[in-house]
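Q: Structure below; questions to follow.
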Amino acid sequence: MSWQPTLAHYLILAAGTFSIGLIGVMVRRNALILFMCIELMLNSVNLTFITFSQYRVDLDGQIFGFIVMAVAAAEAAVGLAIVLHIFRQNRSVNVDEVTELQQ
Amino acid sequence: MGVWEPLFFWLFAVGAVATSVGVLFIKNPLYAALSLIGDFLCFAGLYVLLSAHFLAVTQVLVYTGAIMILFVFIIMLLNLNEQELGERQFRLHHILAYLTAGIVFALAVSAIAPLVDQQQVATERQRVQQQAQNADGDEASEGFRVESPVPGLYAAVNEPAINRDFRAQIQSWEDGTATPADEKYRTYDPDRSFEVPPVLRASEAQAQGGTSSMFGTVEPISILLVNRFVVPFELIAVLLLAAIFGAVVIAKKRL
Amino acid sequence: MEHIVSVQFDYYLGLIVLFPLLGAIINGVAGPKLPRRFVHWIGCSAIGLSFVFTALSVHGLYLNAHEGDHGPVYGSIVYDAYQWIYSGGMELDIAFILDPLSAVMLLVITGVGLLIHIYSVGYMKEESGVWRYFCYLNLFCFAMLMLVLGKNMLVTFIGWEGVGLCSYLLIGYWYEDDSNAIAGQKAFIVNRVGDFAFLGGLFLLFYQAGTFDYVELYQYATTAETARLLAPVALPAAILIFIGCTGKSAQIPLYTWLPDAMAGPTPVSALIHAATMVTAGVFLIARLHFLFTFNPTIGYVVATIGTLTAFFAATIAVVQNDIKKVLAYSTISQLGYMFMAVGVGAFTAGIFHLMTHAFFKALLFLGSGSVIHAMGGTQDIREMGGLKEWMPYTEKTFLIACLAISGFPLFAGFFSKDLILWNALTNVHILSVPEAASSATIATLINSTSPVIESGGAVDVTTWASAFHWGFYLMGVLTAGLTAFYMFRLYFLTFRGECRADEETREHLHESPPSMTLPLCALAFLSLFGGWTGWPHFIPKGVPKWLGFGGHGHGGHGAPEYLDWMLGFEHWLDEAFVLSTSHRFAPLFGSHPYTQELIATSVSVAVALSGIGAAWAIYLKNPGLPKEIADSVRGLYDVLMNKYYVDEVYNRVFVQGSVKIGSFMHTFDEVVIDGVLVDGLAWFVEQLGKILRHLQSGNVQRYATYIVLGIVLFALAIRYYQYF
């Protein structure tokens with residue numbers, strides 16, 4: 001590993017933040033933070049896209065990043081609405097109290 | 001290679017990891033959101049380094065400026081107190097979660113590491129440089145290329161070779177008569193090799209005075225969006241509309 | 001068989017098959033709602049249209065003939081209806097082929113079938129729900145036509161199973177009576193045994209030759225290089241297919257179902273169990289003649305089984321008292337003749353007898369149906385007698401049929417039966433594989449103990465083979481005598497003498513309606529003149545040319561001059577079997593084959609006439625005599641009466657045996673399958689469920705963790721699979 005950033009640096013950074021986001025999704029109980037972690041994972045993937053885009057001098061990757069952002073925005077809007085709804089019903093945003101699936 | 005690119009890379013990289021860990025461990029959602037905003041800014045910086053200028057700006061505008069603000073609004077709207085936030089509990093499946101994420105990371109690294117085998121790159125670079133030095137005068141003046149098995153590593157190419165192979169192309173980009181996207185998609189050739197002239201790589205372009213300053217700016221992306229990717233682009237519009245309706249309907253007091 | 005004619009009307013072949021299917025579908029779906037008259041019309045017009053198109057296409061085939069080396073060559077018409085299975089190297093179509101052989105079968109099926117459909121309208125008049133009957137009957141015609149027209153063995157097999165199914169459905173047509181349903185099941189199950197062997201033979205052939213197509217198989221068997229490859233499987237494949245044929249065509253040892261099959265309506269017995277379905281085995285052997293002549297041993301097996309069946313069935317028929325049972329055993333016996341013919345390689349004779357038999361046996365069954373109809377359901381000939389008075393048409397046509405089956409000169413059976421007997425005595429058949437491999441090479445390849453010896457170009461047979469031929473002939477002649485005897489016993493007991501029926505029945509006696517008598521007359525006409533296309537060879541040769549009813553010789557110079565139409569049937573079919581050349585040897589006194597034919601024919605006619613005479617003397621002249629004879633040979637009589645106790649033996653060995661196996665299997669099923677496997681598995685799952693229940697927490701995050709874990713494990717497996 002050299003000091004100079006290379007393809008591998010960017011990719012491993014993306015993998016790291018992705019894994020952190022993954023842990024957050026699996027561990028954090030607060031639905032809001034859970035969503036934030038999902039955004040984090042989406043961003044990591046975006047970073048991978050853009051890294052390869054630059055690496056291959058191919059703008060397709062950046063277009064993908066753009067599309068992912070738009071989808072993330074839509075997902076955040078709907079997701080937050082759902083969180084709001086859950087809060088109204090349960091007076092809580094902790095996902096482990098939402099156990100309707102068990103029944 | 002300048003000193004600025006590594007410097008900023010490590011700055012943003014450490015910042016991104018630190019703020020991500022912050023999101024993971026900070027209990028108060030508001031602070032977590034702030035940490036995430038920092039994270040996104042770091043990502044935007046990395047995008048700039050990767051010569052994705054347009055996306056960097058979009059990242060700041062959309063993520064930091066819109067989505068995170070929405071988060072913060074919601075957090076303030078709910079105004080959760082200590083009791084509603086709940087105790088931080090340790091569950092058995094958390095171990096499983098950490099383990100799983102660890103394996104994911106290990107798998108990713110194990111897949112990436114051999115992709116750029118530094119040892120191989122070094123020996124390859126040495127080999128082709130040797131070959132360039134040993135070249136005859138005639139050959140050297142006309143320029144020559146050496147194939148290399150390392151993906152993306154363009155073998156030692158001297159100035160005349162670059163000029164011969166890519167001058168016209170680069171000239172057209174600089175003149176504004178064509179764009180990289182133009183070149184790629186008007187005459188799309190699936191057999192085109194993966195080799196990329198080093199001057200076009202953003203990092204080296206920077207060192208050489210911004211030869212390929214067009215890459216990643218609004219113009220080529222917009223051209224692509226309204227040409228080749230026009231259908232996904234329109235679909236995004238539909239998706240956003242649907243999301244708006246969905247958000248409004250779900251968030252209403254009564255369904 | 002190789003030569004395929006391309007014609008405009010090839011889709012007619014599809015139509016021939018389609019009409020009965022359409023009739024069956026319409027009657028099957030809409031039948032219950034339709035008025036009775038419509039049901040009749042649909043059923044009859046379906047087979048009628050089929051007959052019309054058969055006639056048109058056979059005529060087209062006839063017109064397409066061109067002159068070959070040995071007379072006209074008709075070739076074949078092929079119609080590819082549907083691409084069925086295309087898998088790997090196998091290409092299987094629903095394809096139909098019309099060649100002289102299938103043309104004969106088609107005309108018999110649709111022609112006789114049409115007459116029987118018309119007859120059924122009258123016969124089934126008092127039945128309710130007749131739509132079911134006509135639906136089955138049309139469906140049967142469809143399956144039979146598939147069987148006959150199929151260009152590859154699997155299409156034939158579809159038809160083969162289809163006719164078996166329809167046979168089962170129609171035998172059990174009056175299923176309210178348990179014994180009828182059981183008879184249907186018996187037919188079905190016995191046929192299954194044969195079909196299983198048939199399938200085995202079919203797959204064996206496919207395994208070796210890689211094709212189900214008759215034309216390709218034919219080329220495979222007649223090309224020197226591939227014939228060598230076929231040699232090891234030819235015998236087992238042919239034997240297996242022959243077992244299938246014994247099932248369908250009611251030969252020893254699988255004949256027991258046919259007498260019981262008489263439980264069905266009489267027209268069904270006429271169509272399925274006399275004229276068409278039971279002859280499918282003969283047809284199949286003729287279709288696969290290249291396989292059955294490949295190894296002479298196969299031919300001797302087939303002919304021996306046929307001869308034995310012919311003789312034993314005839315002896316059983318002598319003592320039966322049920323009018324339909326007599327006819328059933330007679331059918332088995334006549335089928336034995338056909339197998340004798342195809343066994344010695346006289347395929348033309350076999351198919352000829354198949355055709356004439358279809359005419360007179362259908363007529364006999366329809367006549368008996370007419371009698372049963374008039375008697376109000378009684379089938380016992382001891383309660384009949386003197387019916388001539390009431391039923392003139394039935395009696396006359398029945399007499400014609402009896403004369404035909406007995407081989408009375410100039411009647412249909414005379415020509416075909418004597419052709420068979422002559423061939424049984426003198427015919428040896430071996431496949432001639434062109435050029436590279438002579439038949440002798442093949443023969444040595446196949447079997448060093450071949451019955452056929454080829455010495456310096458001439459064909460001879462070994463001593464034991466010669467003994468077999470004498471056996472075929474003598475048993476055949478004996479059977480001819482027995483046939484004449486029992487048929488006229490039936491005739492005399494039924495139509496002559498005094499009426500033994502009770503008053504009530506006698507008042508009820510009447511001639512059948514025209515819809516029944518007209519088919520009888522048509523079939524009587526065919527029984528009279530149907531054989532006139534195959535005169536004994538010595539006759540056309542003897543008719544002076546100047547009599548001049550348009551005869552001319554085929555071929556070039558020196559070809560025999562005879563009256564064309566008198567050997568028409570033989571010429572029509574000769575080309576179909578042209579490559580399996582026939583060799584005659586000379587076991588009889590005369591050196592010229594036609595002299596032998598004359599002698600053989602005279603002998604069998606004399607025997608048949610004495611059979612008729614004996615029947616007249618015993619049953620008409622001295623009505624008391626039969627009882628005396630039966631008493632004097634009580635033991636033999638009982639054996640015959642009980643059909644050699646074959647049913648009892650089968651019942652003891654196979655039925656009881658399978659019941660025993662079944663009960664063991666039942667215990668096995670209860671204890672091991674149900675007890676250990678099924679219940680044990682349920683217990684195991686229950687215990688496992690009690691443990692795994694805790695995983696179902698309803699916590700989304702846990703679920704997410706499991707999902708991710710699963711993906712990760714999967715990724716690990718893909719990444720490191722080479723180390724496992």
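Going by the structure tokens order, chains are called A, B, ..., each with residues numbered from 1, while ligands are numbered from 1 in the order shown.
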Excluding same-chain residues fewer than 4 positions from Ile75 in chain B, what lies within 8 Å of it counting only C-alpha atoms, as a PDB file with all heavy atoms, in the first residue's frame?

A:
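Here's the written file part16.pdb:
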ATOM      1  N   LEU A  32     -35.019   5.746  12.826  1.00  0.00           N
ATOM      2  CA  LEU A  32     -34.411   6.870  12.117  1.00  0.00           C
ATOM      3  C   LEU A  32     -32.951   6.586  11.811  1.00  0.00           C
ATOM      4  O   LEU A  32     -32.471   6.783  10.692  1.00  0.00           O
ATOM      5  CB  LEU A  32     -34.538   8.144  12.967  1.00  0.00           C
ATOM      6  CG  LEU A  32     -35.942   8.725  12.974  1.00  0.00           C
ATOM      7  CD1 LEU A  32     -36.074   9.724  14.106  1.00  0.00           C
ATOM      8  CD2 LEU A  32     -36.231   9.377  11.644  1.00  0.00           C
TER       9      LEU A  32
ATOM     10  N   PRO B  29     -30.417  10.675  18.077  1.00  0.00           N
ATOM     11  CA  PRO B  29     -30.582  10.726  16.619  1.00  0.00           C
ATOM     12  C   PRO B  29     -30.114  12.037  16.006  1.00  0.00           C
ATOM     13  O   PRO B  29     -29.615  12.045  14.894  1.00  0.00           O
ATOM     14  CB  PRO B  29     -32.084  10.547  16.432  1.00  0.00           C
ATOM     15  CG  PRO B  29     -32.587  10.012  17.710  1.00  0.00           C
ATOM     16  CD  PRO B  29     -31.659  10.428  18.790  1.00  0.00           C
ATOM     17  N   LEU B  30     -30.297  13.117  16.712  1.00  0.00           N
ATOM     18  CA  LEU B  30     -29.921  14.407  16.143  1.00  0.00           C
ATOM     19  C   LEU B  30     -28.410  14.448  15.888  1.00  0.00           C
ATOM     20  O   LEU B  30     -27.948  14.848  14.822  1.00  0.00           O
ATOM     21  CB  LEU B  30     -30.341  15.532  17.067  1.00  0.00           C
ATOM     22  CG  LEU B  30     -30.222  16.925  16.454  1.00  0.00           C
ATOM     23  CD1 LEU B  30     -31.049  17.029  15.180  1.00  0.00           C
ATOM     24  CD2 LEU B  30     -30.624  17.988  17.433  1.00  0.00           C
ATOM     25  N   PHE B  71     -34.435  14.536   7.539  1.00  0.00           N
ATOM     26  CA  PHE B  71     -34.196  13.731   8.730  1.00  0.00           C
ATOM     27  C   PHE B  71     -34.245  14.578   9.990  1.00  0.00           C
ATOM     28  O   PHE B  71     -34.907  14.237  10.978  1.00  0.00           O
ATOM     29  CB  PHE B  71     -32.811  13.051   8.622  1.00  0.00           C
ATOM     30  CG  PHE B  71     -32.855  11.688   8.020  1.00  0.00           C
ATOM     31  CD1 PHE B  71     -32.627  11.493   6.669  1.00  0.00           C
ATOM     32  CD2 PHE B  71     -33.131  10.589   8.801  1.00  0.00           C
ATOM     33  CE1 PHE B  71     -32.669  10.241   6.121  1.00  0.00           C
ATOM     34  CE2 PHE B  71     -33.162   9.327   8.253  1.00  0.00           C
ATOM     35  CZ  PHE B  71     -32.938   9.148   6.905  1.00  0.00           C
ATOM     36  N   ASN B  79     -39.330  14.663  18.442  1.00  0.00           N
ATOM     37  CA  ASN B  79     -38.846  15.154  19.731  1.00  0.00           C
ATOM     38  C   ASN B  79     -38.811  14.045  20.772  1.00  0.00           C
ATOM     39  O   ASN B  79     -39.493  14.088  21.797  1.00  0.00           O
ATOM     40  CB  ASN B  79     -39.741  16.312  20.214  1.00  0.00           C
ATOM     41  CG  ASN B  79     -39.049  17.068  21.322  1.00  0.00           C
ATOM     42  OD1 ASN B  79     -37.823  16.927  21.492  1.00  0.00           O
ATOM     43  ND2 ASN B  79     -39.801  17.836  22.084  1.00  0.00           N
ATOM     44  N   LEU B  80     -38.040  13.014  20.477  1.00  0.00           N
ATOM     45  CA  LEU B  80     -38.016  11.835  21.339  1.00  0.00           C
ATOM     46  C   LEU B  80     -37.293  12.139  22.640  1.00  0.00           C
ATOM     47  O   LEU B  80     -36.245  12.784  22.646  1.00  0.00           O
ATOM     48  CB  LEU B  80     -37.301  10.692  20.626  1.00  0.00           C
ATOM     49  CG  LEU B  80     -37.943  10.271  19.301  1.00  0.00           C
ATOM     50  CD1 LEU B  80     -36.972   9.441  18.492  1.00  0.00           C
ATOM     51  CD2 LEU B  80     -39.230   9.521  19.553  1.00  0.00           C
TER      52      LEU B  80
END

Q: Quick one: contact table of chain C to chain A, 12 Å max, nearest atom pair and distance in Å to one decimal per residue, counting only C-alpha atoms, chain and number order, as a Markdown table?

A:
| residue | atom | partner | partner_atom | distance |
| --- | --- | --- | --- | --- |
| C:Arg693 | CA | A:Gln102 | CA | 10.7 |
| C:His694 | CA | A:Gln102 | CA | 10.9 |
| C:Leu695 | CA | A:Gln102 | CA | 10.4 |
| C:Gln696 | CA | A:Gln102 | CA | 6.8 |
| C:Ser697 | CA | A:Gln102 | CA | 6.2 |
| C:Gly698 | CA | A:Gln102 | CA | 4.1 |
| C:Asn699 | CA | A:Asp96 | CA | 5.3 |
| C:Val700 | CA | A:Asp96 | CA | 7.0 |
| C:Gln701 | CA | A:Met26 | CA | 5.3 |
| C:Arg702 | CA | A:Met26 | CA | 7.1 |
| C:Tyr703 | CA | A:Met26 | CA | 9.0 |
| C:Ala704 | CA | A:Met26 | CA | 6.6 |
| C:Thr705 | CA | A:Met26 | CA | 5.8 |
| C:Tyr706 | CA | A:Met26 | CA | 9.6 |
| C:Ile707 | CA | A:Met26 | CA | 10.4 |
| C:Val708 | CA | A:Leu22 | CA | 8.9 |
| C:Leu709 | CA | A:Met26 | CA | 10.8 |

Q: Next, the residues of the selection above should be written as a PDB file, in the first residue's frame with C-alpha atoms.

A:
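As written to disk, part32.pdb reads:
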ATOM      1  CA  ARG C 693     -39.620 -21.665  16.890  1.00  0.00           C
ATOM      2  CA  HIS C 694     -37.362 -19.377  18.872  1.00  0.00           C
ATOM      3  CA  LEU C 695     -35.885 -17.997  15.686  1.00  0.00           C
ATOM      4  CA  GLN C 696     -39.258 -16.527  14.802  1.00  0.00           C
ATOM      5  CA  SER C 697     -39.060 -13.502  17.077  1.00  0.00           C
ATOM      6  CA  GLY C 698     -40.918 -11.083  14.831  1.00  0.00           C
ATOM      7  CA  ASN C 699     -37.965  -8.759  15.143  1.00  0.00           C
ATOM      8  CA  VAL C 700     -37.217  -7.320  11.712  1.00  0.00           C
ATOM      9  CA  GLN C 701     -33.616  -6.733  12.525  1.00  0.00           C
ATOM     10  CA  ARG C 702     -33.037 -10.311  13.386  1.00  0.00           C
ATOM     11  CA  TYR C 703     -34.593 -11.304  10.129  1.00  0.00           C
ATOM     12  CA  ALA C 704     -32.373  -8.836   8.341  1.00  0.00           C
ATOM     13  CA  THR C 705     -29.377 -10.352  10.093  1.00  0.00           C
ATOM     14  CA  TYR C 706     -30.369 -13.812   8.980  1.00  0.00           C
ATOM     15  CA  ILE C 707     -30.819 -12.616   5.421  1.00  0.00           C
ATOM     16  CA  VAL C 708     -27.416 -10.979   5.360  1.00  0.00           C
ATOM     17  CA  LEU C 709     -25.853 -14.005   6.994  1.00  0.00           C
TER      18      LEU C 709
END

Q: At a cut-off of 12 Å, using only C-alpha atoms, what residues contact Ile63 in chain A? Leave out same-chain residues fewer than 2 positions from it and give the result as a PyMOL selection string.

A: (chain A and resi 46+49-50+52-54+58-61+65-70) or (chain B and resi 52+54-55+58+181+216-218+220-230+232-233+236)

Q: Please write the residues from the selection above to a file, keeping C-alpha atoms, as a compact mmCIF listing (two decimals), in the first residue's frame.

A:
# COMPACT_ATOMS: atom_id res chain seq x y z
CA ASN A 46 -22.13 5.25 -4.99
CA PHE A 49 -19.56 3.39 -8.89
CA ILE A 50 -17.78 6.70 -9.16
CA PHE A 52 -14.78 2.76 -11.31
CA SER A 53 -16.19 5.51 -13.48
CA GLN A 54 -13.06 7.52 -13.00
CA ASP A 58 -16.54 5.99 -18.45
CA LEU A 59 -19.34 8.26 -17.36
CA ASP A 60 -21.83 5.43 -16.99
CA GLY A 61 -20.79 4.99 -13.38
CA GLY A 65 -24.55 7.34 -8.95
CA PHE A 66 -26.97 10.02 -9.96
CA ILE A 67 -29.79 7.53 -10.29
CA VAL A 68 -28.95 5.99 -6.90
CA MET A 69 -29.17 9.44 -5.32
CA ALA A 70 -32.58 10.03 -6.79
CA ALA B 52 -17.02 13.58 -10.41
CA PHE B 54 -21.26 17.29 -10.86
CA LEU B 55 -22.01 14.43 -8.49
CA THR B 58 -25.37 17.03 -6.25
CA ALA B 181 -19.32 10.66 -24.01
CA GLY B 216 -17.38 14.46 -14.82
CA THR B 217 -18.72 17.95 -15.39
CA VAL B 218 -22.29 18.86 -16.14
CA PRO B 220 -21.11 15.23 -20.67
CA ILE B 221 -23.43 13.95 -17.95
CA SER B 222 -26.33 15.98 -19.18
CA ILE B 223 -25.69 14.82 -22.73
CA LEU B 224 -25.73 11.25 -21.56
CA LEU B 225 -28.81 11.72 -19.40
CA VAL B 226 -30.96 13.04 -22.19
CA ASN B 227 -29.66 10.65 -24.79
CA ARG B 228 -28.57 7.21 -23.82
CA PHE B 229 -30.11 7.20 -20.36
CA VAL B 230 -33.24 9.11 -21.14
CA PRO B 232 -34.05 5.72 -16.69
CA PHE B 233 -34.06 9.48 -16.28
CA ILE B 236 -36.70 8.48 -11.94

Q: Need the shell around Ile85 in chain C: protein/DNA/RNA residues with any atom at most 12 Å away, counting only C-alpha atoms. Skip same-chain ones fewer than 6 positions apart. Format as a PyMOL selection string?

A: chain C and resi 91-95+154-155+212

Q: Please list as a PDB file with N, CA and C atoms, in the first residue's frame every residue within 12 Å of Val71 in chain A, counting only C-alpha atoms and excluding residues in the same chain fewer than 5 positions away.

A:
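New file out-v1.pdb:
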ATOM      1  N   GLU A  39     -28.814   4.941   4.214  1.00  0.00           N
ATOM      2  CA  GLU A  39     -28.268   5.997   3.344  1.00  0.00           C
ATOM      3  C   GLU A  39     -26.755   5.866   3.241  1.00  0.00           C
ATOM      4  N   LEU A  42     -25.902   3.180   0.855  1.00  0.00           N
ATOM      5  CA  LEU A  42     -26.123   3.619  -0.530  1.00  0.00           C
ATOM      6  C   LEU A  42     -24.975   4.494  -0.994  1.00  0.00           C
ATOM      7  N   ASN A  43     -24.497   5.345  -0.079  1.00  0.00           N
ATOM      8  CA  ASN A  43     -23.395   6.226  -0.435  1.00  0.00           C
ATOM      9  C   ASN A  43     -22.132   5.444  -0.725  1.00  0.00           C
ATOM     10  N   ASN A  46     -22.349   4.132  -4.071  1.00  0.00           N
ATOM     11  CA  ASN A  46     -22.132   5.246  -4.988  1.00  0.00           C
ATOM     12  C   ASN A  46     -20.651   5.511  -5.183  1.00  0.00           C
ATOM     13  N   PHE A  64     -25.024   6.234 -12.932  1.00  0.00           N
ATOM     14  CA  PHE A  64     -25.592   5.315 -11.943  1.00  0.00           C
ATOM     15  C   PHE A  64     -25.648   5.973 -10.578  1.00  0.00           C
ATOM     16  N   GLY A  65     -24.567   6.644 -10.237  1.00  0.00           N
ATOM     17  CA  GLY A  65     -24.546   7.340  -8.948  1.00  0.00           C
ATOM     18  C   GLY A  65     -25.689   8.337  -8.852  1.00  0.00           C
ATOM     19  N   PHE A  66     -25.899   9.036  -9.922  1.00  0.00           N
ATOM     20  CA  PHE A  66     -26.973  10.023  -9.962  1.00  0.00           C
ATOM     21  C   PHE A  66     -28.324   9.357  -9.731  1.00  0.00           C
ATOM     22  N   ALA A  76     -36.002   7.834   1.091  1.00  0.00           N
ATOM     23  CA  ALA A  76     -35.985   8.554   2.363  1.00  0.00           C
ATOM     24  C   ALA A  76     -37.329   9.206   2.622  1.00  0.00           C
ATOM     25  N   ALA A  77     -37.895   9.787   1.573  1.00  0.00           N
ATOM     26  CA  ALA A  77     -39.184  10.456   1.765  1.00  0.00           C
ATOM     27  C   ALA A  77     -40.239   9.473   2.245  1.00  0.00           C
ATOM     28  N   VAL A  78     -40.359   8.350   1.533  1.00  0.00           N
ATOM     29  CA  VAL A  78     -41.386   7.367   1.899  1.00  0.00           C
ATOM     30  C   VAL A  78     -41.051   6.753   3.262  1.00  0.00           C
ATOM     31  N   GLY A  79     -39.762   6.409   3.448  1.00  0.00           N
ATOM     32  CA  GLY A  79     -39.356   5.783   4.698  1.00  0.00           C
ATOM     33  C   GLY A  79     -39.649   6.654   5.903  1.00  0.00           C
TER      34      GLY A  79
ATOM     35  N   VAL B  62     -28.372  17.450  -2.666  1.00  0.00           N
ATOM     36  CA  VAL B  62     -29.477  16.514  -2.440  1.00  0.00           C
ATOM     37  C   VAL B  62     -29.365  15.858  -1.073  1.00  0.00           C
ATOM     38  N   TYR B  63     -28.224  15.252  -0.820  1.00  0.00           N
ATOM     39  CA  TYR B  63     -28.104  14.510   0.433  1.00  0.00           C
ATOM     40  C   TYR B  63     -28.042  15.445   1.633  1.00  0.00           C
ATOM     41  N   ILE B  67     -32.087  15.650   1.922  1.00  0.00           N
ATOM     42  CA  ILE B  67     -32.472  14.448   2.651  1.00  0.00           C
ATOM     43  C   ILE B  67     -32.161  14.583   4.130  1.00  0.00           C
ATOM     44  N   PRO B 232     -34.205   5.717 -18.149  1.00  0.00           N
ATOM     45  CA  PRO B 232     -34.049   5.721 -16.685  1.00  0.00           C
ATOM     46  C   PRO B 232     -34.303   7.101 -16.084  1.00  0.00           C
ATOM     47  N   PHE B 233     -33.874   8.108 -16.787  1.00  0.00           N
ATOM     48  CA  PHE B 233     -34.057   9.475 -16.280  1.00  0.00           C
ATOM     49  C   PHE B 233     -35.532   9.791 -16.093  1.00  0.00           C
ATOM     50  N   LEU B 235     -37.858   7.580 -15.819  1.00  0.00           N
ATOM     51  CA  LEU B 235     -38.402   6.680 -14.801  1.00  0.00           C
ATOM     52  C   LEU B 235     -38.144   7.214 -13.407  1.00  0.00           C
ATOM     53  N   ILE B 236     -36.983   7.860 -13.241  1.00  0.00           N
ATOM     54  CA  ILE B 236     -36.702   8.482 -11.945  1.00  0.00           C
ATOM     55  C   ILE B 236     -37.760   9.524 -11.631  1.00  0.00           C
ATOM     56  N   ALA B 237     -38.096  10.282 -12.665  1.00  0.00           N
ATOM     57  CA  ALA B 237     -39.119  11.309 -12.466  1.00  0.00           C
ATOM     58  C   ALA B 237     -40.422  10.683 -11.985  1.00  0.00           C
ATOM     59  N   VAL B 238     -40.800   9.589 -12.634  1.00  0.00           N
ATOM     60  CA  VAL B 238     -42.034   8.907 -12.237  1.00  0.00           C
ATOM     61  C   VAL B 238     -41.904   8.391 -10.808  1.00  0.00           C
ATOM     62  N   LEU B 239     -40.744   7.821 -10.505  1.00  0.00           N
ATOM     63  CA  LEU B 239     -40.521   7.262  -9.167  1.00  0.00           C
ATOM     64  C   LEU B 239     -40.643   8.344  -8.108  1.00  0.00           C
ATOM     65  N   LEU B 240     -40.044   9.498  -8.391  1.00  0.00           N
ATOM     66  CA  LEU B 240     -40.099  10.584  -7.409  1.00  0.00           C
ATOM     67  C   LEU B 240     -41.531  11.047  -7.201  1.00  0.00           C
ATOM     68  N   LEU B 241     -42.268  11.108  -8.293  1.00  0.00           N
ATOM     69  CA  LEU B 241     -43.675  11.502  -8.180  1.00  0.00           C
ATOM     70  C   LEU B 241     -44.426  10.508  -7.302  1.00  0.00           C
ATOM     71  N   ALA B 242     -44.199   9.211  -7.588  1.00  0.00           N
ATOM     72  CA  ALA B 242     -44.865   8.175  -6.802  1.00  0.00           C
ATOM     73  C   ALA B 242     -44.460   8.291  -5.342  1.00  0.00           C
ATOM     74  N   ALA B 243     -43.172   8.582  -5.094  1.00  0.00           N
ATOM     75  CA  ALA B 243     -42.694   8.698  -3.717  1.00  0.00           C
ATOM     76  C   ALA B 243     -43.377   9.866  -3.013  1.00  0.00           C
TER      77      ALA B 243
END
